[in-house]
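Student: Have a look at this one before I ask anything.
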2 protein chains.
Amino acid sequence: MPARVVTLKPPTGEEAPLCCAPLTDSPLSAADAAELAAILAALGDPVRLRLVSLVAAAGEVCSCNLEAPLGKSQPTISHHTRVLTEAGLITGERRGRWTWWSVVPERLAVVRRLLGGE
Amino acid sequence: MPARVVTLKPPTGEEAPLCCAPLTDSPLSAADAAELAAILAALGDPVRLRLVSLVAAAGEVCSCNLEAPLGKSQPTISHHTRVLTEAGLITGERRGRWTWWSVVPERLAVVRRLLGGE
DNA sequence: CTGTCATATTGACAACAGTCTATACGTCAA
DNA sequence: TTGACGTATAGACTGTTGTCAATATGACAG
């Protein structure tokens, strides 16, 4: 089992404005649409959705505990964690040999709000 | 401009259970993940997102008023409206020669709830 | 019936995405 | 340093997706 704590760098330097009104209120700008679409596309895969769900429900999960429940190979899991990380939906924290993943709740909140959340 | 009102058939017969707890509370089943992912994938395209946004903001829009703001050809618009319809996110209503599109707010609400909306 | 107009469908093509095997990289223990 | 182990990357393959030109469908007007 893991031991020390070494925070990973924020994998992408992308800063997300993505702030404003729900898309049901006023037409999205092309730029906002592109950014929101990128997040939604990251969530638009069954394996990644379940991955996010597993991580969210557990609080923290290491990659080694994702392969079995998702039924995918290690490189495939690594691929999906990367996509989700680049979308800002999860973050990885390296502790020794293990990488522990957790969700970024604010990112999901952004999606909810843009989708018309009250 | 249009005239008579003839409601379109519900384009896909798919009935969506997709009911339960937010994916942040407990791991999604493979089936729920597949269905939610399909909706999110439909929203995971900039053109479709803006299309939904345009329709939602205007209440109702006919296809002929989508080509210009989205900068896509007529068949491409038709393609995207179909994808969104099959995902249950918009519905089309035929009035004479025009098809008027409107959003299905409950469908967006489903997404928000599954994404952890309170 | 015929022509016109709005929308849908078809077919084609390039680009992308999900998956795997093989391999490289980093970290810890001895 | 060396070996073992968890994770990341590279490369290849396949299936899907966004797009458009061409064509079909369906509705209204005359």
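Here, A, B, ... name the chains of the structure tokens in the order displayed, residue numbers run from 1 inside each chain, and ligands are numbered from 1 in the same displayed order.
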Compile a residue-level contact table for chain B against chain C at a cut-off of 9 Å, reporting for every qualifying residue the shortest atom pair and its distance in Å to one decimal, with only C-alpha atoms (C1' of nucleotides) counted, rows ordered by chain and ascending number, as a Markdown table.

Tutor:
| residue | atom | partner | partner_atom | distance |
| --- | --- | --- | --- | --- |
| B:Ser63 | CA | C:DT7 | C1' | 8.0 |
| B:Cys64 | CA | C:DA6 | C1' | 7.5 |
| B:Gln74 | CA | C:DT7 | C1' | 8.3 |
| B:Pro75 | CA | C:DA8 | C1' | 7.9 |
| B:Ser78 | CA | C:DA8 | C1' | 7.1 |
| B:His79 | CA | C:DA8 | C1' | 8.8 |
| B:Arg97 | CA | C:DA6 | C1' | 5.5 |
| B:Trp98 | CA | C:DA6 | C1' | 6.0 |
| B:Thr99 | CA | C:DT7 | C1' | 7.6 |

Student: Produce a file of the selected residues containing C-alpha atoms, as a PDB file, in the first residue's frame.

Tutor:
ATOM      1  CA  SER B  63     -34.111  24.430 -39.082  1.00  0.00           C
ATOM      2  CA  CYS B  64     -33.901  27.229 -41.597  1.00  0.00           C
ATOM      3  CA  GLN B  74     -28.287  22.079 -44.288  1.00  0.00           C
ATOM      4  CA  PRO B  75     -27.529  18.339 -44.216  1.00  0.00           C
ATOM      5  CA  SER B  78     -30.218  17.946 -40.099  1.00  0.00           C
ATOM      6  CA  HIS B  79     -27.687  15.408 -38.923  1.00  0.00           C
ATOM      7  CA  ARG B  97     -42.984  22.770 -44.589  1.00  0.00           C
ATOM      8  CA  TRP B  98     -41.089  23.833 -41.521  1.00  0.00           C
ATOM      9  CA  THR B  99     -39.825  21.811 -38.611  1.00  0.00           C
TER      10      THR B  99
END

Student: I need the chain D residues near chain A as a ChimeraX atom specification; criterion: at most 10 Å, counting only C-alpha atoms (C1' of nucleotides).

Tutor: /D:5-9

Student: Have a look at B:Glu60, B:Glu93, B:Glu67, B:Asp45 and name the one nearest to chain A; count only C-alpha atoms.

Tutor: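 Result for the nearest residue to chain A: B:Asp45.
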
Student: Please, which residues of chain B lie no more than 7 Å from chain A when the count uses only C-alpha atoms, and can they be set out as a PyMOL selection string?

Tutor: chain B and resi 23-28+33-34+37-38+40-41+43-46+49-50+53-54+56-57+108+112+115+117

Student: I need the chosen residues saved as a PDB file, in the first residue's frame, with N, CA and C atoms.

Tutor:
ATOM      1  N   LEU B  23     -24.188  10.136  -9.781  1.00  0.00           N
ATOM      2  CA  LEU B  23     -23.039   9.251  -9.973  1.00  0.00           C
ATOM      3  C   LEU B  23     -21.960   9.500  -8.941  1.00  0.00           C
ATOM      4  N   THR B  24     -22.069  10.590  -8.201  1.00  0.00           N
ATOM      5  CA  THR B  24     -21.085  10.862  -7.158  1.00  0.00           C
ATOM      6  C   THR B  24     -21.414  10.114  -5.870  1.00  0.00           C
ATOM      7  N   ASP B  25     -22.631   9.612  -5.786  1.00  0.00           N
ATOM      8  CA  ASP B  25     -23.040   8.909  -4.564  1.00  0.00           C
ATOM      9  C   ASP B  25     -22.688   7.431  -4.597  1.00  0.00           C
ATOM     10  N   SER B  26     -23.050   6.771  -5.676  1.00  0.00           N
ATOM     11  CA  SER B  26     -22.734   5.346  -5.799  1.00  0.00           C
ATOM     12  C   SER B  26     -22.370   5.056  -7.244  1.00  0.00           C
ATOM     13  N   PRO B  27     -21.535   4.041  -7.443  1.00  0.00           N
ATOM     14  CA  PRO B  27     -21.058   3.730  -8.792  1.00  0.00           C
ATOM     15  C   PRO B  27     -22.219   3.443  -9.744  1.00  0.00           C
ATOM     16  N   LEU B  28     -22.129   4.022 -10.911  1.00  0.00           N
ATOM     17  CA  LEU B  28     -23.137   3.797 -11.942  1.00  0.00           C
ATOM     18  C   LEU B  28     -23.102   2.350 -12.419  1.00  0.00           C
ATOM     19  N   ALA B  33     -24.649   3.877 -17.091  1.00  0.00           N
ATOM     20  CA  ALA B  33     -23.503   4.597 -17.632  1.00  0.00           C
ATOM     21  C   ALA B  33     -23.619   4.723 -19.145  1.00  0.00           C
ATOM     22  N   ALA B  34     -24.047   3.655 -19.780  1.00  0.00           N
ATOM     23  CA  ALA B  34     -24.162   3.678 -21.234  1.00  0.00           C
ATOM     24  C   ALA B  34     -25.204   4.702 -21.685  1.00  0.00           C
ATOM     25  N   ALA B  37     -24.008   8.271 -20.840  1.00  0.00           N
ATOM     26  CA  ALA B  37     -22.906   8.605 -21.738  1.00  0.00           C
ATOM     27  C   ALA B  37     -23.430   8.984 -23.119  1.00  0.00           C
ATOM     28  N   ALA B  38     -24.481   8.310 -23.547  1.00  0.00           N
ATOM     29  CA  ALA B  38     -25.042   8.625 -24.864  1.00  0.00           C
ATOM     30  C   ALA B  38     -25.580  10.055 -24.894  1.00  0.00           C
ATOM     31  N   LEU B  40     -24.608  12.531 -22.892  1.00  0.00           N
ATOM     32  CA  LEU B  40     -23.484  13.448 -22.766  1.00  0.00           C
ATOM     33  C   LEU B  40     -22.687  13.530 -24.058  1.00  0.00           C
ATOM     34  N   ALA B  41     -22.579  12.400 -24.748  1.00  0.00           N
ATOM     35  CA  ALA B  41     -21.857  12.412 -26.016  1.00  0.00           C
ATOM     36  C   ALA B  41     -22.596  13.278 -27.041  1.00  0.00           C
ATOM     37  N   LEU B  43     -24.221  15.850 -26.361  1.00  0.00           N
ATOM     38  CA  LEU B  43     -23.942  17.244 -25.986  1.00  0.00           C
ATOM     39  C   LEU B  43     -22.463  17.576 -26.140  1.00  0.00           C
ATOM     40  N   GLY B  44     -21.654  16.588 -26.397  1.00  0.00           N
ATOM     41  CA  GLY B  44     -20.217  16.791 -26.427  1.00  0.00           C
ATOM     42  C   GLY B  44     -19.675  17.234 -27.757  1.00  0.00           C
ATOM     43  N   ASP B  45     -20.452  18.015 -28.447  1.00  0.00           N
ATOM     44  CA  ASP B  45     -20.007  18.579 -29.720  1.00  0.00           C
ATOM     45  C   ASP B  45     -20.375  20.060 -29.740  1.00  0.00           C
ATOM     46  N   PRO B  46     -19.421  20.909 -30.076  1.00  0.00           N
ATOM     47  CA  PRO B  46     -19.639  22.360 -29.999  1.00  0.00           C
ATOM     48  C   PRO B  46     -20.842  22.816 -30.822  1.00  0.00           C
ATOM     49  N   LEU B  49     -24.014  21.745 -29.076  1.00  0.00           N
ATOM     50  CA  LEU B  49     -24.228  22.526 -27.863  1.00  0.00           C
ATOM     51  C   LEU B  49     -24.800  23.882 -28.201  1.00  0.00           C
ATOM     52  N   ARG B  50     -24.233  24.508 -29.207  1.00  0.00           N
ATOM     53  CA  ARG B  50     -24.736  25.831 -29.594  1.00  0.00           C
ATOM     54  C   ARG B  50     -26.128  25.721 -30.172  1.00  0.00           C
ATOM     55  N   SER B  53     -28.410  25.454 -27.349  1.00  0.00           N
ATOM     56  CA  SER B  53     -28.461  26.759 -26.700  1.00  0.00           C
ATOM     57  C   SER B  53     -29.338  27.741 -27.482  1.00  0.00           C
ATOM     58  N   LEU B  54     -29.174  27.735 -28.785  1.00  0.00           N
ATOM     59  CA  LEU B  54     -29.990  28.608 -29.633  1.00  0.00           C
ATOM     60  C   LEU B  54     -31.466  28.274 -29.501  1.00  0.00           C
ATOM     61  N   ALA B  56     -32.958  26.601 -27.063  1.00  0.00           N
ATOM     62  CA  ALA B  56     -33.450  26.841 -25.706  1.00  0.00           C
ATOM     63  C   ALA B  56     -33.712  28.321 -25.465  1.00  0.00           C
ATOM     64  N   ALA B  57     -32.785  29.138 -25.937  1.00  0.00           N
ATOM     65  CA  ALA B  57     -32.914  30.572 -25.686  1.00  0.00           C
ATOM     66  C   ALA B  57     -34.084  31.168 -26.460  1.00  0.00           C
ATOM     67  N   LEU B 108     -32.449  17.592 -19.819  1.00  0.00           N
ATOM     68  CA  LEU B 108     -31.305  18.305 -19.262  1.00  0.00           C
ATOM     69  C   LEU B 108     -31.306  18.166 -17.744  1.00  0.00           C
ATOM     70  N   ARG B 112     -28.381  16.863 -15.150  1.00  0.00           N
ATOM     71  CA  ARG B 112     -27.932  17.631 -13.978  1.00  0.00           C
ATOM     72  C   ARG B 112     -28.021  16.791 -12.710  1.00  0.00           C
ATOM     73  N   LEU B 115     -25.469  14.127 -12.532  1.00  0.00           N
ATOM     74  CA  LEU B 115     -24.140  14.711 -12.346  1.00  0.00           C
ATOM     75  C   LEU B 115     -23.945  15.219 -10.927  1.00  0.00           C
ATOM     76  N   GLY B 117     -26.401  17.006  -9.142  1.00  0.00           N
ATOM     77  CA  GLY B 117     -27.183  18.197  -8.805  1.00  0.00           C
ATOM     78  C   GLY B 117     -28.021  17.961  -7.573  1.00  0.00           C
TER      79      GLY B 117
END

Student: Using the chain letters and numbers from this document, which residues of chain A does DSSP assign to strand (DSSP E or B), as a compact mmCIF listing (two decimals) with N, CA, C and O atoms, in the first residue's frame?

Tutor:
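After the write, states_39.txt holds the following:
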# COMPACT_ATOMS: atom_id res chain seq x y z
N VAL A 6 2.99 13.15 -2.57
CA VAL A 6 3.62 14.11 -3.48
C VAL A 6 2.60 14.55 -4.51
O VAL A 6 2.24 13.77 -5.40
N THR A 7 2.15 15.74 -4.38
CA THR A 7 1.10 16.21 -5.28
C THR A 7 1.58 16.33 -6.72
O THR A 7 2.68 16.82 -6.97
N VAL A 61 -9.27 6.72 -5.34
CA VAL A 61 -9.03 5.38 -5.86
C VAL A 61 -7.70 5.38 -6.57
O VAL A 61 -7.38 6.34 -7.27
N CYS A 62 -6.93 4.32 -6.42
CA CYS A 62 -5.69 4.24 -7.18
C CYS A 62 -5.95 3.46 -8.47
O CYS A 62 -6.89 2.67 -8.55
N ILE A 90 -11.00 15.15 -13.01
CA ILE A 90 -10.36 14.44 -11.91
C ILE A 90 -8.92 14.94 -11.77
O ILE A 90 -8.38 15.56 -12.69
N THR A 91 -8.33 14.67 -10.63
CA THR A 91 -6.93 15.00 -10.44
C THR A 91 -6.24 13.80 -9.84
O THR A 91 -6.84 13.04 -9.09
N GLY A 92 -4.97 13.64 -10.21
CA GLY A 92 -4.20 12.52 -9.72
C GLY A 92 -3.14 12.98 -8.74
O GLY A 92 -2.52 14.02 -8.95
N GLU A 93 -2.99 12.23 -7.70
CA GLU A 93 -1.97 12.56 -6.71
C GLU A 93 -1.06 11.36 -6.55
O GLU A 93 -1.52 10.25 -6.31
N ARG A 94 0.21 11.59 -6.71
CA ARG A 94 1.16 10.50 -6.68
C ARG A 94 1.66 10.27 -5.26
O ARG A 94 2.16 11.19 -4.62
N ARG A 95 1.52 9.04 -4.80
CA ARG A 95 2.07 8.69 -3.49
C ARG A 95 2.91 7.44 -3.68
O ARG A 95 2.36 6.35 -3.82
N TRP A 98 2.05 4.63 -6.32
CA TRP A 98 0.65 4.66 -6.70
C TRP A 98 0.17 6.06 -7.07
O TRP A 98 0.67 7.06 -6.57
N THR A 99 -0.77 6.11 -7.97
CA THR A 99 -1.44 7.37 -8.28
C THR A 99 -2.88 7.28 -7.79
O THR A 99 -3.61 6.35 -8.15
N TRP A 100 -3.24 8.22 -6.95
CA TRP A 100 -4.58 8.23 -6.39
C TRP A 100 -5.42 9.30 -7.08
O TRP A 100 -5.01 10.45 -7.18
N TRP A 101 -6.57 8.89 -7.50
CA TRP A 101 -7.43 9.81 -8.25
C TRP A 101 -8.61 10.28 -7.41
O TRP A 101 -9.16 9.51 -6.62
N SER A 102 -8.97 11.55 -7.62
CA SER A 102 -10.17 12.06 -6.97
C SER A 102 -10.86 13.02 -7.93
O SER A 102 -10.23 13.56 -8.84
N VAL A 103 -12.14 13.23 -7.74
CA VAL A 103 -12.88 14.08 -8.65
C VAL A 103 -12.70 15.54 -8.27
O VAL A 103 -12.29 15.86 -7.16

Student: So which residues of chain A fall under helix (DSSP H, G or I) by DSSP, listed as a PyMOL selection string?

Tutor: chain A and resi 30-43+46-58+63-65+67-70+74-86+105-114

Student: In terms of the shortest atom-to-atom distance over only C-alpha atoms, which of A:Val110, A:Val104, A:Lys72, A:Asn65 is closest to Leu84 (chain A)?

Tutor: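 Comparing A:Val110, A:Val104, A:Lys72, A:Asn65 against Leu84 (chain A), the winner is A:Val104.
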